[in-house]
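Asks: Have a look at this one.
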Amino acid sequence: MEEKELPRLAFFSFTCCEGCQLAVLSCEDELPDILSLVKIVNFREAIDQKSDDYDIAFVEGSITRKEEVRKLKKIRKHAKIVVALGACSSTGGLNCLKNRFTMDEVKREVYGKDAGKSERFDTLPTRAIDEIIPVDYYLHGCPISKKEFLHLTTSLLLGKRPDIPNHPVCVECKMAGNICVFEKGMTCVGPITRAGCEAICVTYGAICWGCRGLVDNPNADAHAETLKRHGLTVESVMRKFSLYGACKTHKC
Ligand code: SF4
Ligand code: SF4
Ligand code: SF4
C-alpha cells in the first residue's frame with residue numbers, strides 16, 4: 001500500500017503532563033507493527049512533522065485556555081475520529097482541582113503580583129474535551145492503559161468498534177485475588193469506577209482513586225450499603241473521588 005493511502009494518525013497535547021503520550025511511546029514491542037499500518041503526522045514527543053491532514057486525532061490534556069479551545073475546534077474539523085487520550089482529556093483529570101478556586105485566586109497563586117498584567121496569564125476553569133467538541137471514543141486512566149490503547153487503535157484500523165469496559169474496578173480487583181481495602185479499614189472508589197486497569201493500584205498495595213472515571217450507571221445504592229457497613233457516607237467518598245475528574249460530575 002502506498003504510504004499516502006495509510007490511515008493518518010495525529011497526537012495532540014493540551015494541559016497535562018504528557019504521560020499518556022509517553023505510555024503510547026512505551027509500546028515499543030507493538031509500535032513497529034502499528035507503524036507499518038498507519039502514518040503518524042503529528043506527535044510532539046516523538047517527531048518534528050506537523051500536518052493538518054489526518055484521519056484519527058488522539059487528544060491528550062484538558063482545556064484551560066482560550067487558544068486551546070480554538071485549537072481543539074480546529075482538530076475536530078480536520079479529524080474523522082477524535083479519541084480522548086487519558087483522564088485529563090476524558091474527564092478533566094487532576095487539573096479539575098483548580099476548579100475548587102476562583103480563577104483570580106489561581107492566577108494570584110501562580111503568577112503572584114504579575115497576575116492580570118498580561119493576557120498570557122489568562123486561564124479558564126478546567127474542562128474535559130467533550131465539553132467543547134464531540135468525542136468519538138475515550139481511553140480512560142491516568143495514565144492510559146497500553147493494552148487498551150493497542151486494542152482501540154487496532155479496532156479502529158479494522159473498522160470495528162473498540163470494547164471499552166463498563167463494569168467496576170471491583171470486578172477486576174476480585175479477579176486479581178486482592179483483599180478488599182474496606183476489610184483493612186480503608187476506603188476506595190473501585191465500586192463506581194470504570195475498570196480496564198486490572199485494579200493495579202489495589203494489587204500494589206494502594207487504593208482506587210477513580211482515575212478512570214465513573215462507570216456509565218454507577219450502582220450508588222449498593223456502594224452506599226457497603227460504605228454504611230464501614231461507617232462511611234457516599235458524600236465522603238465522592239469528595240475523595242473528586243480528585244480525578246470530577247469536572248463533569250461535580251461542581252468542584
Ligand atoms: S491523564 Fe494523567 S498521565 Fe495522562 S496526561 Fe493527564 S496527568 Fe498525565
Ligand atoms: S472496593 Fe476497592 S479494594 Fe475493595 S474490591 Fe473494590 S476495588 Fe478492590
Ligand atoms: S485502580 Fe483506580 S486509580 Fe488505580 S488505575 Fe485503576 S481506576 Fe485508576
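So you can find residues: chains in the C-alpha cells are A, B, ... in the order shown, residues in each start at 1, and ligands are numbered from 1 in order.
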Identify all residues of region 94-198 of chain A in alpha helix (DSSP H) (DSSP on the backbone) and supply them as a list of chain:residue names.

Replies: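 The alpha helix (DSSP H) residues within region 94-198 of chain A come out as A:Met103, A:Asp104, A:Glu105, A:Val106, A:Lys107, A:Arg108, A:Glu109, A:Val110, A:Tyr111, A:Lys146, A:Lys147, A:Glu148, A:Phe149, A:Leu150, A:His151, A:Leu152, A:Thr153, A:Thr154, A:Ser155, A:Leu156, A:Leu157, A:Val169, A:Cys170, A:Val171, A:Glu172, A:Cys173, A:Lys174, A:Met175.
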
Asks: Residues within 8 Å of region 53-60 of chain A, please, as a ChimeraX atom specification. Count only C-alpha atoms; anything in the same chain fewer than 3 positions from it doesn't count.

Replies: /A:7-16,18,20-21,41,75,78-86,88-89

Asks: Give me every strand (DSSP E) residue in region 6-246 of chain A, going by DSSP on the backbone, as a list in words.

Replies: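 Reading the DSSP output for region 6-246 of chain A, strand (DSSP E) covers Arg8, Leu9, Ala10, Phe11, Phe12, Ser13, Lys39, Ile40, Val41, Asn42, Phe43, Ile56, Ala57, Phe58, Val59, Glu60, Ile81, Val82, Val83, Ala84, Leu85, Tyr137, Tyr138 and Leu139 of chain A.
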
Asks: Which residue, A:Val237, A:Ile132, A:Cys17, A:Val38, has the smallest gap to Asn95 (chain A) when you use only C-alpha atoms?

Replies: A:Cys17

Asks: A:Val215, A:Leu232, A:Ala199, A:Leu25: which is nearest ligand 3, counting only C-alpha atoms and all ligand atoms?

Replies: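 Of all the options, A:Ala199 lies closest to ligand 3.
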
Asks: Which residues form the shell of 7 Å around ligand 2 when you count only C-alpha atoms and all ligand atoms, given as a ChimeraX atom specification?

Replies: /A:169-170,173-174,178-182,188-191,199,202,207-208

Asks: Store the residues picked out above, limited to C-alpha atoms, as an mmCIF file, in the first residue's frame.

Replies:
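Resulting contents of out.cif:
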```cif
data_model
loop_
_atom_site.group_PDB
_atom_site.id
_atom_site.type_symbol
_atom_site.label_atom_id
_atom_site.label_comp_id
_atom_site.auth_asym_id
_atom_site.auth_seq_id
_atom_site.Cartn_x
_atom_site.Cartn_y
_atom_site.Cartn_z
ATOM 1 C CA VAL A 169 -12.863 -1.920 39.134
ATOM 2 C CA CYS A 170 -14.065 -4.263 41.917
ATOM 3 C CA CYS A 173 -9.877 -6.480 41.794
ATOM 4 C CA LYS A 174 -11.607 -9.723 42.795
ATOM 5 C CA ASN A 178 -6.919 -8.886 46.242
ATOM 6 C CA ILE A 179 -8.237 -8.490 49.773
ATOM 7 C CA CYS A 180 -10.698 -5.589 49.681
ATOM 8 C CA VAL A 181 -9.234 -2.476 51.309
ATOM 9 C CA PHE A 182 -12.528 -1.945 53.172
ATOM 10 C CA CYS A 188 -11.860 3.007 47.853
ATOM 11 C CA VAL A 189 -13.943 4.166 44.888
ATOM 12 C CA GLY A 190 -13.473 0.949 42.922
ATOM 13 C CA PRO A 191 -17.191 0.044 43.168
ATOM 14 C CA ALA A 199 -7.151 -2.883 39.661
ATOM 15 C CA VAL A 202 -5.046 -2.165 44.883
ATOM 16 C CA ILE A 207 -6.498 2.087 46.882
ATOM 17 C CA CYS A 208 -8.509 3.005 43.799
#
```

Asks: Give as a ChimeraX atom specification the residues surrounding ligand 3 up to a distance of 10 Å, considering only C-alpha atoms and all ligand atoms.

Replies: /A:87,140-145,168-170,172-173,188-204,206-214,241,244

Asks: Could you tell me which of A:Val135, A:Ile164, A:Leu243, A:Arg108 comes closest to ligand 1 if we count only C-alpha atoms and all ligand atoms?

Replies: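 Once distances to ligand 1 are computed over only C-alpha atoms and all ligand atoms, the minimum belongs to A:Leu243.
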
Asks: From the options A:Leu97, A:Met175, A:Leu72, A:Leu6, which residue's atoms come nearest to ligand 1, counting only C-alpha atoms and all ligand atoms?

Replies: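 Smallest distance to ligand 1 is found for A:Leu97.
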